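J.: What follows is protein-v4.tsv; its format and atoms are TSV, C-alpha atoms and all ligand atoms.
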```
chain	number	residue	atom	x	y	z
A	1	MET	CA	2.10	8.01	-14.18
A	2	LYS	CA	2.62	4.25	-13.78
A	3	THR	CA	2.52	3.35	-10.10
A	4	ILE	CA	2.92	0.14	-8.12
A	5	VAL	CA	2.15	-0.44	-4.44
A	6	VAL	CA	4.61	-2.80	-2.74
A	7	TYR	CA	3.87	-3.82	0.84
A	8	TYR	CA	4.74	-5.95	3.83
A	9	SER	CA	2.31	-6.51	6.67
A	10	ARG	CA	2.28	-8.87	9.62
A	11	LYS	CA	-1.06	-8.16	11.26
A	12	GLY	CA	-2.98	-6.77	8.31
A	13	SER	CA	-3.19	-3.00	8.78
A	14	ASN	CA	-0.54	-2.21	6.18
A	15	LYS	CA	-2.04	-4.80	3.83
A	16	TYR	CA	-5.40	-3.05	4.23
A	17	LEU	CA	-3.81	0.35	3.58
A	18	ALA	CA	-1.80	-0.92	0.59
A	19	GLU	CA	-4.91	-2.47	-1.00
A	20	LYS	CA	-6.87	0.72	-0.41
A	21	ILE	CA	-4.17	2.81	-2.11
A	22	SER	CA	-3.97	0.38	-5.03
A	23	ASN	CA	-7.78	0.58	-5.44
A	24	SER	CA	-7.84	4.39	-5.20
A	25	LEU	CA	-5.11	4.72	-7.84
A	26	SER	CA	-6.24	1.69	-9.90
A	27	CYS	CA	-2.67	0.47	-9.91
A	28	GLU	CA	-0.77	-2.80	-9.47
A	29	ILE	CA	0.09	-4.18	-6.05
A	30	GLU	CA	2.56	-6.81	-4.85
A	31	GLU	CA	3.41	-8.22	-1.45
A	32	ILE	CA	7.05	-8.34	-0.29
A	33	LYS	CA	7.91	-11.93	0.66
A	34	PRO	CA	10.94	-12.34	2.94
A	35	ARG	CA	13.05	-15.47	2.35
A	36	LEU	CA	12.87	-16.08	6.09
A	37	ASP	CA	9.69	-14.66	7.62
A	38	VAL	CA	10.41	-14.99	11.35
A	39	PHE	CA	9.21	-11.97	13.31
A	40	ILE	CA	11.42	-12.46	16.36
A	41	LEU	CA	14.52	-12.69	14.13
A	42	PHE	CA	13.49	-9.49	12.32
A	43	LEU	CA	13.46	-7.73	15.69
A	44	MET	CA	17.07	-8.85	16.15
A	45	ASN	CA	17.85	-7.67	12.61
A	46	ILE	CA	18.50	-11.27	11.48
A	47	HIS	CA	17.10	-11.79	7.98
A	48	LEU	CA	17.91	-13.31	4.60
A	49	GLY	CA	16.54	-10.68	2.28
A	50	ILE	CA	13.41	-10.96	0.14
A	51	ARG	CA	12.25	-13.04	-2.81
A	52	SER	CA	12.30	-11.39	-6.22
A	53	LEU	CA	9.12	-9.54	-7.10
A	54	LYS	CA	6.99	-10.68	-10.04
A	55	HIS	CA	6.64	-7.10	-11.29
A	56	ASN	CA	9.53	-5.31	-12.92
A	57	ILE	CA	10.14	-2.29	-10.68
A	58	LYS	CA	11.97	-0.27	-13.31
A	59	ASP	CA	8.81	-0.27	-15.47
A	60	TYR	CA	7.09	1.99	-12.91
A	61	ASN	CA	7.52	5.76	-12.53
A	62	ARG	CA	6.60	5.51	-8.88
A	63	VAL	CA	6.71	2.89	-6.12
A	64	ILE	CA	4.52	3.29	-3.07
A	65	LEU	CA	6.21	1.27	-0.33
A	66	CYS	CA	3.93	0.41	2.59
A	67	GLY	CA	4.72	-1.37	5.85
A	68	PRO	CA	4.89	-1.15	9.65
A	69	ILE	CA	7.51	0.26	12.01
A	70	TRP	CA	8.86	-1.89	14.84
A	71	MET	CA	11.07	-0.66	17.68
A	72	GLY	CA	11.70	2.63	15.90
A	73	LYS	CA	13.30	0.80	12.95
A	74	PHE	CA	12.88	0.64	9.20
A	75	ILE	CA	12.05	-3.08	9.26
A	76	PRO	CA	14.13	-5.74	7.43
A	77	PRO	CA	11.56	-6.67	4.72
A	78	LEU	CA	11.22	-2.99	3.67
A	79	SER	CA	14.92	-2.26	4.04
A	80	SER	CA	15.76	-5.36	1.95
A	81	PHE	CA	13.38	-4.14	-0.75
A	82	ILE	CA	15.27	-0.83	-0.96
A	83	ASN	CA	18.64	-2.66	-0.99
A	84	LYS	CA	17.56	-5.03	-3.73
A	85	TYR	CA	15.74	-2.55	-5.98
A	86	SER	CA	17.40	0.83	-5.33
A	87	GLN	CA	18.79	0.99	-8.88
A	88	GLN	CA	15.41	0.17	-10.45
A	89	ILE	CA	13.31	2.56	-8.34
A	90	ASN	CA	12.50	5.81	-10.16
A	91	LYS	CA	10.54	7.59	-7.41
A	92	LEU	CA	9.29	6.29	-4.08
A	93	VAL	CA	6.66	7.27	-1.53
A	94	PHE	CA	6.90	5.55	1.85
A	95	VAL	CA	3.66	5.08	3.76
A	96	THR	CA	3.13	3.37	7.09
A	97	CYS	CA	0.31	2.42	9.38
A	98	CYS	CA	2.30	2.58	12.62
A	99	GLY	CA	1.79	3.00	16.35
A	100	SER	CA	3.54	6.33	16.95
A	101	THR	CA	1.37	9.45	16.90
A	102	TYR	CA	2.15	12.64	14.96
A	103	ALA	CA	2.96	14.36	18.28
A	104	LYS	CA	5.57	11.70	19.13
A	105	LYS	CA	7.01	11.21	15.66
A	106	ASP	CA	10.48	12.48	16.63
A	107	GLU	CA	10.82	10.36	19.76
A	108	LYS	CA	12.90	7.16	19.93
A	109	PHE	CA	10.13	4.93	18.55
A	110	GLY	CA	8.55	7.58	16.33
A	111	HIS	CA	7.98	7.29	12.61
A	112	GLY	CA	9.91	10.56	12.00
A	113	LEU	CA	13.29	8.86	12.46
A	114	VAL	CA	12.37	6.10	10.05
A	115	PHE	CA	11.24	8.72	7.51
A	116	LYS	CA	14.66	10.40	7.81
A	117	GLU	CA	16.37	7.08	7.12
A	118	VAL	CA	14.22	6.46	4.02
A	119	GLU	CA	14.89	10.00	2.78
A	120	ASN	CA	18.64	9.61	3.38
A	121	ARG	CA	18.79	6.30	1.58
A	122	LEU	CA	16.67	7.29	-1.40
A	123	LYS	CA	17.79	10.95	-1.60
A	124	LYS	CA	15.95	12.69	-4.47
A	125	LYS	CA	14.14	9.48	-5.39
A	126	CYS	CA	12.03	9.84	-2.22
A	127	LEU	CA	9.02	12.02	-3.04
A	128	PHE	CA	7.61	12.07	0.50
A	129	CYS	CA	6.66	9.88	3.48
A	130	GLN	CA	3.26	9.59	5.13
A	131	ALA	CA	2.16	8.02	8.43
A	132	PHE	CA	-1.28	6.80	9.40
A	133	PRO	CA	-0.99	6.17	13.16
A	134	VAL	CA	-3.42	3.41	14.04
A	135	GLY	CA	-4.59	5.53	17.03
A	136	LEU	CA	-6.45	7.70	14.52
A	137	VAL	CA	-9.21	5.08	14.54
A	138	LEU	CA	-9.43	4.99	18.36
A	139	PRO	CA	-11.54	7.24	20.61
A	140	ASP	CA	-9.63	10.26	22.08
A	141	GLU	CA	-9.07	8.68	25.50
A	142	LYS	CA	-7.40	5.64	23.91
A	143	LYS	CA	-5.28	7.37	21.25
A	144	GLU	CA	-2.10	7.23	23.35
A	145	ASP	CA	-2.89	3.85	24.94
A	146	THR	CA	-0.19	1.42	23.71
A	147	ASP	CA	-2.21	-1.62	24.69
A	148	ALA	CA	-5.25	-0.41	22.74
A	149	PHE	CA	-3.39	0.46	19.54
A	150	MET	CA	-1.41	-2.79	19.53
A	151	LYS	CA	-4.74	-4.64	19.43
A	152	THR	CA	-6.25	-2.40	16.75
A	153	HIS	CA	-6.13	-3.21	13.04
A	154	LEU	CA	-7.45	-1.18	10.14
A	155	ASN	CA	-10.65	-2.42	8.53
A	156	ASP	CA	-13.71	-1.10	6.65
A	157	ASP	CA	-15.57	-0.52	9.93
A	158	ASN	CA	-12.97	1.73	11.56
A	159	PHE	CA	-11.48	3.44	8.50
A	160	LYS	CA	-13.57	6.60	8.85
A	161	GLY	CA	-13.42	10.08	10.41
A	162	GLU	CA	-9.93	11.55	10.83
A	163	ILE	CA	-8.03	8.68	9.20
A	164	LEU	CA	-10.29	8.80	6.14
A	165	GLU	CA	-9.86	12.58	5.83
A	166	ARG	CA	-6.09	12.24	6.03
A	167	TYR	CA	-6.18	9.36	3.56
A	168	GLU	CA	-8.15	11.43	1.06
A	169	GLY	CA	-5.57	14.24	1.45
A	170	PHE	CA	-2.80	11.69	0.82
A	171	ILE	CA	-4.46	10.44	-2.39
A	172	LYS	CA	-4.91	14.06	-3.58
A	173	LYS	CA	-1.23	14.70	-2.91
A	174	LEU	CA	-0.27	11.58	-4.89
A	175	ASN	CA	-2.45	12.73	-7.78
A	176	LEU	CA	-0.88	16.22	-7.68
A	177	VAL	CA	2.68	14.85	-7.60
A	178	SER	CA	1.89	12.69	-10.63
A	179	ARG	CA	0.93	15.67	-12.85
B	1	LIG	C1	6.96	-5.57	18.35
B	1	LIG	C2	6.34	-4.29	17.85
B	1	LIG	C3	7.05	-3.11	17.93
B	1	LIG	C4	6.48	-1.92	17.45
B	1	LIG	N1	7.24	-0.77	17.52
B	1	LIG	C5	6.72	0.37	16.99
B	1	LIG	C6	7.53	1.55	16.95
B	1	LIG	O1	8.68	1.59	17.39
B	1	LIG	N2	6.99	2.67	16.42
B	1	LIG	C7	5.71	2.70	15.89
B	1	LIG	O2	5.30	3.74	15.40
B	1	LIG	N3	4.93	1.58	15.92
B	1	LIG	C8	5.40	0.44	16.44
B	1	LIG	N4	4.65	-0.71	16.45
B	1	LIG	C9	3.27	-0.66	15.95
B	1	LIG	C10	3.13	-1.16	14.51
B	1	LIG	O3	3.86	-0.35	13.61
B	1	LIG	C11	1.65	-1.16	14.15
B	1	LIG	O4	0.96	-2.02	15.02
B	1	LIG	C12	1.39	-1.54	12.70
B	1	LIG	O5	0.12	-1.08	12.33
B	1	LIG	C13	1.40	-3.01	12.43
B	1	LIG	O6	1.24	-3.21	11.04
B	1	LIG	P1	0.65	-4.54	10.40
B	1	LIG	O7	-0.74	-4.72	10.96
B	1	LIG	O8	0.62	-4.25	8.94
B	1	LIG	O9	1.56	-5.67	10.75
B	1	LIG	C14	5.18	-1.91	16.90
B	1	LIG	C15	4.47	-3.13	16.84
B	1	LIG	C16	5.02	-4.30	17.29
B	1	LIG	C17	4.23	-5.57	17.19
```
Let me see whether you can do it: turn the structure in this file into structure tokens.
Ligand SMILES: Cc1cc2nc3c(=O)[nH]c(=O)nc-3n(C[C@H](O)[C@H](O)[C@H](O)COP(=O)(O)O)c2cc1C

T.:
Amino acid sequence: MKTIVVYYSRKGSNKYLAEKISNSLSCEIEEIKPRLDVFILFLMNIHLGIRSLKHNIKDYNRVILCGPIWMGKFIPPLSSFINKYSQQINKLVFVTCCGSTYAKKDEKFGHGLVFKEVENRLKKKCLFCQAFPVGLVLPDEKKEDTDAFMKTHLNDDNFKGEILERYEGFIKKLNLVSR
């Protein structure tokens, strides 16, 4: 199965995750580049779409879209990617390194609501969605601490233990889906 990882990241965690996935699957990777990359405007849903990708999305059986969640929203760079390439996407997996925990996924700022939006927009093209809450790399007493997880970014030193186990499960699932 020909796969490409497409990602947007502001602080680096989703870039780290996207690169890790691309290495594990030995597949291509490309960064989403917004035409106007102004964070504060994104939060107000003001954006001008994204630049065209170098890779031809319709040449891939599967796109792995990776990026953060802000304010409980499917963020403009990722949403613009779906708008621009929906016809060319064959199958898509959405993956996020986000702040919301698995326990709080269905709350206002949880990743569960964003997953529902992706599934609704892609319908049968969406294979599945996967979250890697950044709190997974924090000690138990800090897992729910907003301040601590906002300051935490994935890297080779902290990508171990529970997050690594879940990541390995995710890669196995991707390999199973591709059979
Ligand atoms: C302004 C802001 C709002 C955020 N809102 C949410 C949210 O609603 N839900 C969530 O799960 N994470 C939220 N987060 C956490 C980010 O998704 C998380 O820090 C992510 O790892 C950042 O990815 P990056 O390092 O690739 O930029 C928010 C972060 C910022 C900076």

J.: Taking only C-alpha atoms and all ligand atoms into account, which residues have an atom no farther than 10 Å from ligand LIG 1 (chain B)? I'd like them as a ChimeraX atom specification.

T.: /A:7-18,39-40,42-43,66-75,96-102,104-105,107-114,131-135,146,149-154

J.: Restricting the calculation to only C-alpha atoms, which member of A:Lys84, A:Arg121, A:Lys54, A:Leu174 is positioned closest to Ser22 (chain A)?

T.: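 The shortest atom-to-atom distance to Ser22 (chain A) comes from A:Leu174.
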
J.: From the list A:Leu127, A:Leu136, A:Leu176, A:Leu36, which residue is nearest Leu92 (chain A) when using all atoms listed in the file?

T.: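 Checking each candidate against Leu92 (chain A), we get A:Leu127 as the closest.
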
J.: What does the structure give for the distance between CA of Ile82 (chain A) and CA of Val137 (chain A), in Å to one decimal?

T.: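 Value for the CA of Ile82 (chain A)-CA of Val137 (chain A) distance: 29.6 Å.
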
J.: I'd like to know which of A:Leu65, A:Ile163, A:Met1, A:Leu78 is closest to His47 (chain A), using all atoms listed in the file.

T.: A:Leu78

J.: For a quick check of your reading of the model, name the residues lying within 10 Å of the coordinate (15.8, 0.4, -11.2), counting only C-alpha atoms, and write them as number ranges by chain.

T.: A: 56-61, 84-91

J.: Those same residues, written as a PDB file, in the frame of the given file with C-alpha atoms?

T.:
```pdb
ATOM      1  CA  ASN A  56       9.530  -5.310 -12.920  1.00  0.00           C
ATOM      2  CA  ILE A  57      10.140  -2.290 -10.680  1.00  0.00           C
ATOM      3  CA  LYS A  58      11.970  -0.270 -13.310  1.00  0.00           C
ATOM      4  CA  ASP A  59       8.810  -0.270 -15.470  1.00  0.00           C
ATOM      5  CA  TYR A  60       7.090   1.990 -12.910  1.00  0.00           C
ATOM      6  CA  ASN A  61       7.520   5.760 -12.530  1.00  0.00           C
ATOM      7  CA  LYS A  84      17.560  -5.030  -3.730  1.00  0.00           C
ATOM      8  CA  TYR A  85      15.740  -2.550  -5.980  1.00  0.00           C
ATOM      9  CA  SER A  86      17.400   0.830  -5.330  1.00  0.00           C
ATOM     10  CA  GLN A  87      18.790   0.990  -8.880  1.00  0.00           C
ATOM     11  CA  GLN A  88      15.410   0.170 -10.450  1.00  0.00           C
ATOM     12  CA  ILE A  89      13.310   2.560  -8.340  1.00  0.00           C
ATOM     13  CA  ASN A  90      12.500   5.810 -10.160  1.00  0.00           C
ATOM     14  CA  LYS A  91      10.540   7.590  -7.410  1.00  0.00           C
TER      15      LYS A  91
END
```
